[in-house]
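A.B. asks: Provided below: start.txt, containing compact mmCIF, C-alpha atoms.
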# COMPACT_ATOMS: atom_id res chain seq x y z
CA MET A 30 129.46 24.47 39.76
CA LYS A 31 128.12 23.64 43.20
CA PHE A 32 124.76 21.95 43.66
CA ASN A 33 122.54 21.15 46.62
CA LYS A 34 124.68 19.11 49.05
CA ALA A 35 121.78 16.70 49.62
CA LEU A 36 122.25 15.41 46.07
CA GLU A 37 125.64 13.89 46.95
CA SER A 38 124.06 10.88 48.69
CA ILE A 39 121.36 10.24 46.06
CA LYS A 40 121.68 7.50 43.48
CA THR A 41 119.92 8.17 40.20
CA TYR A 42 116.87 5.96 39.68
CA GLU A 43 117.49 3.41 36.94
CA ALA A 44 114.43 2.50 34.93
CA GLY A 45 114.20 -0.69 32.91
CA LYS A 46 116.02 -0.57 29.58
CA PRO A 47 113.78 0.69 26.77
CA ILE A 48 113.41 -1.45 23.66
CA GLU A 49 114.98 1.24 21.47
CA LEU A 50 118.20 1.22 23.51
CA VAL A 51 118.53 -2.56 23.25
CA VAL A 52 118.09 -2.31 19.48
CA ARG A 53 120.95 0.21 19.26
CA GLU A 54 123.29 -1.60 21.65
CA TYR A 55 122.89 -5.15 20.36
CA GLY A 56 121.61 -4.74 16.83
CA ILE A 57 118.57 -6.89 17.53
CA ASP A 58 115.43 -6.69 15.42
CA LYS A 59 112.94 -4.56 17.36
CA ASN A 60 110.12 -7.02 16.67
CA SER A 61 112.03 -9.87 18.35
CA ILE A 62 112.61 -8.05 21.64
CA VAL A 63 110.47 -8.93 24.65
CA LYS A 64 110.34 -6.42 27.49
CA LEU A 65 109.42 -7.97 30.82
CA ALA A 66 111.15 -5.50 33.10
CA SER A 67 108.83 -2.61 33.92
CA ASN A 68 105.63 -4.30 35.14
CA GLU A 69 103.53 -2.94 32.29
CA ASN A 70 100.26 -4.59 31.27
CA PRO A 71 101.28 -6.77 28.29
CA PHE A 72 97.81 -6.32 26.78
CA GLY A 73 98.05 -2.54 26.94
CA CYS A 74 94.95 -0.50 27.71
CA SER A 75 91.28 -0.96 26.91
CA PRO A 76 90.33 -0.45 23.24
CA LYS A 77 87.80 2.08 24.52
CA VAL A 78 90.66 4.20 25.83
CA LYS A 79 92.41 4.25 22.47
CA GLU A 80 89.20 5.30 20.74
CA ALA A 81 88.56 8.06 23.27
CA VAL A 82 92.08 9.48 22.98
CA ARG A 83 91.86 9.53 19.20
CA GLY A 84 88.64 11.48 19.54
CA ILE A 85 90.26 14.38 21.40
CA ILE A 86 93.58 14.49 19.56
CA ASP A 87 92.76 17.97 18.25
CA ASN A 88 92.69 19.29 21.83
CA MET A 89 96.44 18.93 22.29
CA ALA A 90 96.96 22.66 21.71
CA LEU A 91 94.78 23.50 24.71
CA TYR A 92 95.82 23.45 28.34
CA PRO A 93 94.30 20.57 30.33
CA ASP A 94 91.36 21.01 32.68
CA ASP A 95 93.32 21.69 35.85
CA SER A 96 90.30 20.89 38.01
CA MET A 97 90.44 17.35 36.55
CA VAL A 98 86.75 17.12 37.30
CA LYS A 99 86.01 14.21 34.94
CA LEU A 100 88.73 11.95 36.33
CA LYS A 101 88.13 12.99 39.94
CA SER A 102 84.41 12.26 39.60
CA ALA A 103 85.14 8.83 38.14
CA LEU A 104 87.58 8.00 40.94
CA SER A 105 85.20 9.36 43.56
CA ASN A 106 82.46 7.08 42.28
CA LYS A 107 84.81 4.09 42.17
CA TYR A 108 85.98 4.50 45.76
CA ALA A 109 82.89 6.19 47.27
CA ILE A 110 84.87 9.22 48.40
CA GLN A 111 84.67 13.00 47.89
CA ASN A 112 86.54 14.97 45.22
CA ASN A 113 88.38 16.96 47.90
CA GLU A 114 89.85 13.69 49.20
CA LEU A 115 91.74 13.18 45.91
CA ILE A 116 94.89 14.50 44.29
CA ILE A 117 96.09 13.46 40.83
CA GLY A 118 99.77 13.13 39.97
CA ALA A 119 101.90 12.36 36.94
CA GLY A 120 102.20 8.79 38.15
CA SER A 121 101.76 7.92 41.81
CA ASP A 122 105.44 8.70 42.31
CA GLN A 123 104.66 12.40 41.80
CA VAL A 124 102.19 12.18 44.67
CA ILE A 125 105.00 10.63 46.73
CA GLU A 126 107.10 13.67 45.87
CA PHE A 127 104.26 16.00 46.91
CA ALA A 128 103.96 14.19 50.25
CA ILE A 129 107.68 14.28 50.98
CA HIS A 130 107.95 17.99 50.22
CA ALA A 131 104.82 18.80 52.22
CA LYS A 132 105.76 16.83 55.33
CA ALA A 133 109.52 16.14 55.52
CA HIS A 134 112.61 18.35 55.89
CA SER A 135 116.26 18.14 56.94
CA GLU A 136 115.41 17.19 60.51
CA SER A 137 112.87 14.51 59.54
CA LYS A 138 113.17 10.75 59.46
CA VAL A 139 111.43 8.52 56.94
CA LEU A 140 110.80 4.85 57.74
CA ILE A 141 110.79 2.37 54.87
CA ASN A 142 111.13 -1.36 54.33
CA SER A 143 114.56 -2.90 53.76
CA VAL A 144 113.77 -3.70 50.12
CA THR A 145 111.17 -1.46 48.52
CA PHE A 146 110.45 1.17 45.86
CA ALA A 147 113.59 3.27 45.37
CA MET A 148 111.81 6.62 44.94
CA TYR A 149 110.85 6.78 48.63
CA GLU A 150 114.52 7.18 49.54
CA ILE A 151 115.36 9.42 46.58
CA TYR A 152 112.62 11.94 47.30
CA ALA A 153 113.31 11.89 51.03
CA LYS A 154 117.00 12.58 50.54
CA GLN A 155 116.17 15.50 48.24
CA VAL A 156 114.87 17.38 51.29
CA GLY A 157 117.68 16.13 53.53
CA ALA A 158 115.59 13.65 55.51
CA GLU A 159 117.19 10.63 57.17
CA ILE A 160 116.19 7.16 55.94
CA ILE A 161 115.42 4.44 58.49
CA ARG A 162 115.16 0.89 57.12
CA THR A 163 113.85 -2.32 58.58
CA ALA A 164 116.10 -5.39 58.64
CA SER A 165 113.83 -7.92 56.92
CA ARG A 166 113.00 -8.21 53.24
CA GLU A 167 109.31 -8.64 54.05
CA HIS A 168 107.15 -5.97 55.66
CA LYS A 169 107.19 -7.12 59.29
CA MET A 170 104.98 -4.89 61.38
CA GLU A 171 106.77 -5.67 64.62
CA GLU A 172 110.01 -4.32 63.10
CA PHE A 173 108.23 -1.23 61.81
CA TYR A 174 106.70 -0.57 65.22
CA ALA A 175 110.00 -0.97 67.07
CA LEU A 176 111.71 1.47 64.70
CA TYR A 177 108.73 3.82 64.86
CA GLN A 178 108.98 3.96 68.65
CA GLU A 179 112.74 4.49 68.54
CA HIS A 180 112.94 7.12 65.81
CA LYS A 181 109.51 8.81 65.67
CA PRO A 182 109.62 9.30 61.89
CA SER A 183 107.65 12.01 60.11
CA ILE A 184 106.62 9.59 57.34
CA ILE A 185 106.19 5.82 57.14
CA PHE A 186 105.93 4.05 53.78
CA LEU A 187 104.08 0.75 53.52
CA CYS A 188 104.29 -0.67 50.00
CA THR A 189 101.79 -3.48 49.61
CA PRO A 190 102.04 -5.43 47.45
CA ASN A 191 105.71 -4.55 47.54
CA ASN A 192 107.83 -3.46 44.61
CA PRO A 193 110.29 -4.98 43.64
CA THR A 194 109.58 -8.25 45.44
CA GLY A 195 105.83 -8.80 44.93
CA ASP A 196 104.96 -10.02 48.44
CA GLY A 197 101.91 -8.62 50.20
CA LEU A 198 100.95 -7.46 53.66
CA LEU A 199 97.78 -8.69 55.29
CA ALA A 200 95.37 -5.77 55.46
CA GLN A 201 94.44 -6.38 59.09
CA GLU A 202 98.09 -6.45 60.18
CA MET A 203 98.63 -3.13 58.46
CA ILE A 204 95.53 -1.59 60.02
CA ASP A 205 96.53 -2.80 63.49
CA PHE A 206 99.93 -1.18 63.04
CA ILE A 207 98.56 2.15 61.80
CA ALA A 208 96.24 2.27 64.81
CA LYS A 209 99.32 2.45 67.07
CA VAL A 210 100.91 5.34 65.16
CA ASP A 211 100.39 8.90 66.39
CA SER A 212 98.28 11.17 64.21
CA ASP A 213 101.17 13.53 63.35
CA THR A 214 103.04 10.76 61.52
CA LEU A 215 102.01 10.46 57.88
CA VAL A 216 101.53 6.82 56.86
CA ILE A 217 101.66 6.35 53.09
CA VAL A 218 100.13 3.11 51.83
CA ASP A 219 101.41 2.52 48.30
CA GLY A 220 98.76 0.41 46.58
CA ALA A 221 100.11 0.53 43.01
CA TYR A 222 99.41 -3.21 42.65
CA MET A 223 96.33 -3.37 44.86
CA GLU A 224 94.07 -4.50 42.00
CA TYR A 225 96.14 -7.68 41.69
CA ALA A 226 96.17 -8.35 45.43
CA ARG A 227 92.40 -7.93 45.63
CA PHE A 228 91.94 -10.48 42.83
CA LYS A 229 94.32 -13.06 44.32
CA ASN A 230 93.33 -12.80 47.98
CA PRO A 231 91.04 -10.09 49.41
CA ASP A 232 92.73 -10.49 52.80
CA PHE A 233 95.73 -8.67 51.29
CA ALA A 234 93.67 -5.79 49.90
CA VAL A 235 92.44 -2.66 51.62
CA ALA A 236 89.80 -0.18 50.49
CA PRO A 237 91.02 3.45 50.56
CA LYS A 238 87.68 4.61 51.94
CA ASP A 239 88.04 2.32 54.97
CA LEU A 240 91.52 3.68 55.65
CA ILE A 241 90.73 7.37 55.46
CA GLU A 242 87.46 7.07 57.37
CA ARG A 243 89.34 5.53 60.28
CA PHE A 244 92.66 7.39 60.12
CA ASP A 245 93.35 11.09 59.58
CA ASN A 246 97.06 10.48 58.93
CA VAL A 247 96.93 8.00 56.02
CA LEU A 248 97.56 8.68 52.34
CA PHE A 249 96.65 5.88 49.92
CA LEU A 250 98.35 5.76 46.52
CA GLY A 251 96.98 4.23 43.33
CA THR A 252 98.04 4.25 39.69
CA PHE A 253 96.85 3.68 36.14
CA SER A 254 100.29 2.44 35.06
CA LYS A 255 99.84 -1.20 36.00
CA ALA A 256 96.46 -2.96 35.78
CA TYR A 257 94.97 -0.24 33.55
CA GLY A 258 97.82 -0.40 31.04
CA LEU A 259 98.57 3.34 30.93
CA GLY A 260 102.22 3.48 31.97
CA GLY A 261 103.03 5.85 29.12
CA MET A 262 100.29 8.28 30.13
CA ARG A 263 101.65 8.82 33.67
CA VAL A 264 98.57 9.09 35.85
CA GLY A 265 98.43 8.25 39.54
CA TYR A 266 96.45 9.48 42.52
CA GLY A 267 96.43 9.95 46.25
CA ILE A 268 93.44 9.50 48.57
CA ALA A 269 93.35 10.99 52.06
CA GLN A 270 91.27 13.19 54.31
CA ALA A 271 90.82 16.73 53.00
CA PRO A 272 93.45 18.47 55.21
CA ILE A 273 96.21 16.21 53.82
CA ILE A 274 95.06 16.78 50.24
CA GLU A 275 94.97 20.55 50.83
CA ALA A 276 98.60 20.45 52.00
CA LEU A 277 99.70 18.41 48.98
CA TYR A 278 98.02 20.85 46.61
CA LYS A 279 100.32 23.59 47.86
CA VAL A 280 103.31 21.82 46.26
CA ARG A 281 101.51 20.62 43.12
CA PRO A 282 102.43 22.44 39.89
CA PRO A 283 99.57 23.59 37.65
CA PHE A 284 98.55 21.47 34.67
CA ASN A 285 100.60 18.49 35.88
CA ILE A 286 98.46 16.00 33.91
CA THR A 287 98.07 16.20 30.15
CA THR A 288 94.73 16.43 28.37
CA LEU A 289 95.20 13.04 26.70
CA SER A 290 96.23 11.40 29.98
CA LEU A 291 93.18 12.72 31.81
CA GLU A 292 90.87 11.37 29.11
CA ALA A 293 92.65 8.02 28.97
CA ALA A 294 92.45 7.45 32.73
CA SER A 295 88.80 8.53 32.94
CA VAL A 296 87.72 6.14 30.19
CA ALA A 297 89.90 3.31 31.54
CA LEU A 298 87.76 3.30 34.68
CA GLU A 299 84.69 2.63 32.54
CA ASP A 300 86.01 -0.72 31.25
CA GLU A 301 86.51 -2.74 34.41
CA ALA A 302 85.80 -5.96 32.49
CA PHE A 303 88.96 -5.46 30.43
CA VAL A 304 91.05 -4.92 33.56
CA GLN A 305 89.70 -8.02 35.28
CA GLU A 306 90.38 -10.14 32.19
CA CYS A 307 93.98 -8.94 32.16
CA ILE A 308 94.43 -9.68 35.86
CA ALA A 309 92.93 -13.16 35.52
CA ASP A 310 95.29 -13.96 32.66
CA ASN A 311 98.18 -12.59 34.73
CA PHE A 312 97.72 -15.12 37.50
CA ALA A 313 97.05 -17.99 35.09
CA GLN A 314 100.38 -17.26 33.41
CA MET A 315 102.13 -16.71 36.76
CA ALA A 316 101.40 -20.35 37.61
CA ARG A 317 103.65 -21.30 34.69
CA TYR A 318 106.52 -19.33 36.23
CA GLU A 319 105.98 -21.00 39.57
CA GLU A 320 106.09 -24.41 37.90
CA PHE A 321 109.23 -23.44 35.97
CA ALA A 322 110.89 -22.36 39.21
CA ARG A 323 109.96 -25.63 40.96
CA HIS A 324 111.38 -27.61 38.07
CA LYS A 325 114.65 -25.66 38.15
CA GLY A 326 114.95 -25.59 41.95
CA ILE A 327 114.62 -21.80 42.09
CA ASP A 328 112.96 -20.02 45.00
CA VAL A 329 110.13 -17.62 44.20
CA ILE A 330 108.55 -14.93 46.33
CA ASP A 331 104.79 -15.42 46.54
CA SER A 332 103.54 -12.57 44.35
CA TYR A 333 100.38 -10.49 44.60
CA THR A 334 101.33 -8.37 41.60
CA ASN A 335 101.85 -8.62 37.84
CA PHE A 336 105.46 -9.72 38.21
CA ILE A 337 107.39 -12.48 39.91
CA THR A 338 110.76 -12.44 41.66
CA LEU A 339 113.03 -15.41 41.04
CA SER A 340 115.63 -15.78 43.79
CA LEU A 341 118.65 -17.51 42.27
CA PRO A 342 120.97 -20.02 43.98
CA GLU A 343 124.41 -18.79 45.07
CA GLU A 344 126.21 -20.35 42.11
CA LYS A 345 124.14 -18.25 39.69
CA ASN A 346 124.62 -14.50 39.31
CA SER A 347 121.52 -12.40 38.63
CA SER A 348 123.46 -9.66 36.85
CA GLU A 349 125.14 -12.10 34.50
CA ILE A 350 121.88 -13.89 33.72
CA ALA A 351 120.04 -10.63 33.11
CA GLN A 352 122.84 -9.51 30.79
CA GLU A 353 122.82 -12.77 28.84
CA LEU A 354 119.07 -12.51 28.41
CA LEU A 355 119.44 -8.92 27.27
CA LYS A 356 121.83 -9.98 24.51
CA LYS A 357 119.12 -12.33 23.27
CA GLY A 358 116.45 -9.63 23.29
CA MET A 359 114.80 -10.51 26.62
CA ILE A 360 114.62 -7.55 29.03
CA VAL A 361 114.15 -8.44 32.71
CA ARG A 362 115.04 -6.56 35.90
CA ASP A 363 118.23 -7.46 37.76
CA LEU A 364 117.70 -6.88 41.48
CA SER A 365 121.33 -6.89 42.54
CA SER A 366 121.12 -3.14 43.20
CA TYR A 367 118.59 -3.99 45.93
CA GLY A 368 121.02 -6.45 47.50
CA LEU A 369 119.19 -9.46 46.06
CA ASN A 370 120.60 -12.19 43.85
CA ALA A 371 117.36 -12.29 41.92
CA ILE A 372 115.63 -11.24 38.74
CA ARG A 373 112.19 -9.68 38.53
CA VAL A 374 110.07 -10.70 35.57
CA THR A 375 106.86 -9.04 34.46
CA ILE A 376 104.20 -11.62 33.60
CA GLY A 377 103.73 -11.29 29.85
CA THR A 378 101.44 -12.83 27.28
CA SER A 379 101.63 -16.58 26.76
CA VAL A 380 103.89 -16.06 23.72
CA GLN A 381 106.21 -13.71 25.60
CA ASN A 382 106.39 -16.11 28.51
CA ASP A 383 107.18 -19.01 26.17
CA ARG A 384 110.15 -17.00 24.95
CA PHE A 385 111.33 -16.29 28.48
CA PHE A 386 111.30 -19.98 29.41
CA GLU A 387 113.09 -20.91 26.19
CA LEU A 388 115.91 -18.40 26.73
CA THR A 389 116.23 -18.77 30.51
CA ASP A 390 116.14 -22.56 30.82
CA PRO A 391 119.80 -23.14 29.78
CA LEU A 392 121.01 -20.27 31.97
CA VAL A 393 119.54 -21.39 35.29
Before anything else, please render the file you have as structure tokens.
C.D. replies:
Amino acid sequence: MKFNKALESIKTYEAGKPIELVVREYGIDKNSIVKLASNENPFGCSPKVKEAVRGIIDNMALYPDDSMVKLKSALSNKYAIQNNELIIGAGSDQVIEFAIHAKAHSESKVLINSVTFAMYEIYAKQVGAEIIRTASREHKMEEFYALYQEHKPSIIFLCTPNNPTGDGLLAQEMIDFIAKVDSDTLVIVDGAYMEYARFKNPDFAVAPKDLIERFDNVLFLGTFSKAYGLGGMRVGYGIAQAPIIEALYKVRPPFNITTLSLEAASVALEDEAFVQECIADNFAQMARYEEFARHKGIDVIDSYTNFITLSLPEEKNSSEIAQELLKKGMIVRDLSSYGLNAIRVTIGTSVQNDRFFELTDPLV
């Protein structure tokens, strides 16, 4: 059977190994496995969210409210924007898919960072677009601008803080760059970890309202999968001026967010105290990883997220170390597929982090 020729150059996205698969492959007790690979909130979601979802469990037989008015109103209040400047997706990666399909095609070019979220490339290649990459691991705006001038891409992705490395881009540098981009080029600012950046250093955080008031070609992405602890509910959003949102709606399927997910995300926004407590604990625990790395002579990438990237010395192999940890029930992310001899570790609870240090110390 023949399929779309564009699929030939696409590598399937590999998510972090689920706990259930590790149990089957290695015969490890499920309760002893620690998953620090997918950048989930180790404390889960707010207790208020769990209570709210239990309260509407009988509504599962009904189609969701496709207007999503409750969640949109909550997000509009949070960001001081209008409902027609919002689109909700099943994770922010679905909004990425909407944007690619609305803007790019086989004659388009998409500019991304050298090391960044894999789905930008995957979605772009699905429509036959050409990928243009910078040379540096970090987001260097001078490189982006040089490639922008040379290639005139239809879409530019700026992932800040960046996944899978964790480094951030100064907000003013990003704004200065966007100001030099023509209005027909869609600039997508992926802020999946923006809550963490804002907590650590406000200079690395940008408010969506400020972006879309100044620029008519910017789409800001946010998610409930990270700081809000709702990875399993799959809720993300895009914020842009109304004409962009109207275009994205033309490729959005109906009822793309479940009833339970809409309720969970709406209530999660009501418990900001819980989120801030989780973020504060995240950076307190991250300091332990930085100290561990200093003690072992391992380089770390300064992280503005809920994970940390440990760059290993040449004599150590990230794939081998990740595999050895997996056999012991510790799931981390090997970054060799990104061309890095490094492992990415989600910052867990103090107990989970204790276990990571215990298992990793003899390997590195």
A.B. asks: Could you pull the residues within 8 Å of range 314-322 of chain A, counting all atoms listed in the file, minus those fewer than 6 positions along the same chain, as a list in words?
C.D. replies: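 These residues fall inside the cut-off: Asp328, Val329, Phe336, Ile337, Leu339, Ile376, Gly377, Thr378, Ser379, Asn382 and Phe386 of chain A.
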A.B. asks: Taking only C-alpha atoms into account, which of A:Leu187, A:Val374, A:Ala309, A:Leu289 comes nearest Arg83 in chain A?
C.D. replies: A:Leu289
A.B. asks: Could you please determine the separation between CA of Ser105 in chain A and CA of Pro237 in chain A in Å, to one decimal place?
C.D. replies: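 Computed distance, CA of Ser105 in chain A to CA of Pro237 in chain A, equals 10.9 Å.
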A.B. asks: Of the residues A:Ala302, A:Ala271, A:Ile372, A:Leu215, which is the one nearest to Ile330 in chain A, using only C-alpha atoms?
C.D. replies: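 For Ile330 in chain A, the nearest of the given residues is A:Ile372.
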A.B. asks: Hey, what's within 8 Å of range 60-76 of chain A if we count all atoms listed in the file and toss same-chain stuff fewer than 3 positions away? As a ChimeraX atom specification, please?
C.D. replies: /A:44-48,57,79-80,254-260,297,300,303-304,307,335-336,357-362,373-378,381
A.B. asks: Just give me the gap between CA of Pro282 in chain A and CA of Val156 in chain A in Å, one decimal is fine.
C.D. replies: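 Distance between the two atoms: 17.6 Å.
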A.B. asks: Residues proximal to (99.8, 4.9, 44.7) were defined as those with any atom within 9 Å of that point in the file's coordinates, counting all atoms listed in the file. Which are they, as a ChimeraX atom specification?
C.D. replies: /A:120-122,124-125,188,217-223,248-252,265-268
A.B. asks: Between A:Lys107, A:Glu171, A:Thr334, A:Ser183, which has the minimum distance to Ser135 in chain A (counting all atoms listed in the file)?
C.D. replies: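 Smallest separation from Ser135 in chain A among the options: A:Ser183.
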A.B. asks: Measuring between only C-alpha atoms, which one of A:Gln352, A:Lys279, A:Phe312, A:Thr194 shows the shortest distance to Asn230 in chain A?
C.D. replies: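 Closest to Asn230 in chain A, using only C-alpha atoms: A:Phe312.
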A.B. asks: Do you know which residues are at most 8 Å from range 202-212 of chain A counting only C-alpha atoms, after dropping those on the same chain fewer than 4 positions away, and could you put them as a list in words?
C.D. replies: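 Non-adjacent residues within range: Met170, Tyr174, Tyr177, Leu198, Val216, Leu240, Phe244, Asp245 and Asn246 of chain A.
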A.B. asks: For CA of Thr163 in chain A and CA of Tyr42 in chain A, determine how far apart the two atoms are, in Å to one decimal place.
C.D. replies: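 Rounded to one decimal, the two atoms are 20.9 Å apart.
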A.B. asks: Find, counting only C-alpha atoms, the residue in A:Thr145, A:Leu176, A:Gln270, A:Lys238 that gets nearest to Leu364 in chain A.
C.D. replies: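 The shortest atom-to-atom distance to Leu364 in chain A comes from A:Thr145.
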A.B. asks: Which one of A:Asp87, A:Glu343, A:Glu353, A:Glu275 sits closest to Asn112 in chain A if you count only C-alpha atoms?
C.D. replies: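 Of the candidates, the smallest distance to Asn112 in chain A is held by A:Glu275.
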A.B. asks: Excluding Val393 in chain A and any residue of its chain fewer than 6 positions from it, enumerate the residues within 10 Å of it, using all atoms listed in the file, and give them as a PyMOL selection string.
C.D. replies: chain A and resi 322+325-327+341-342+344-347+350
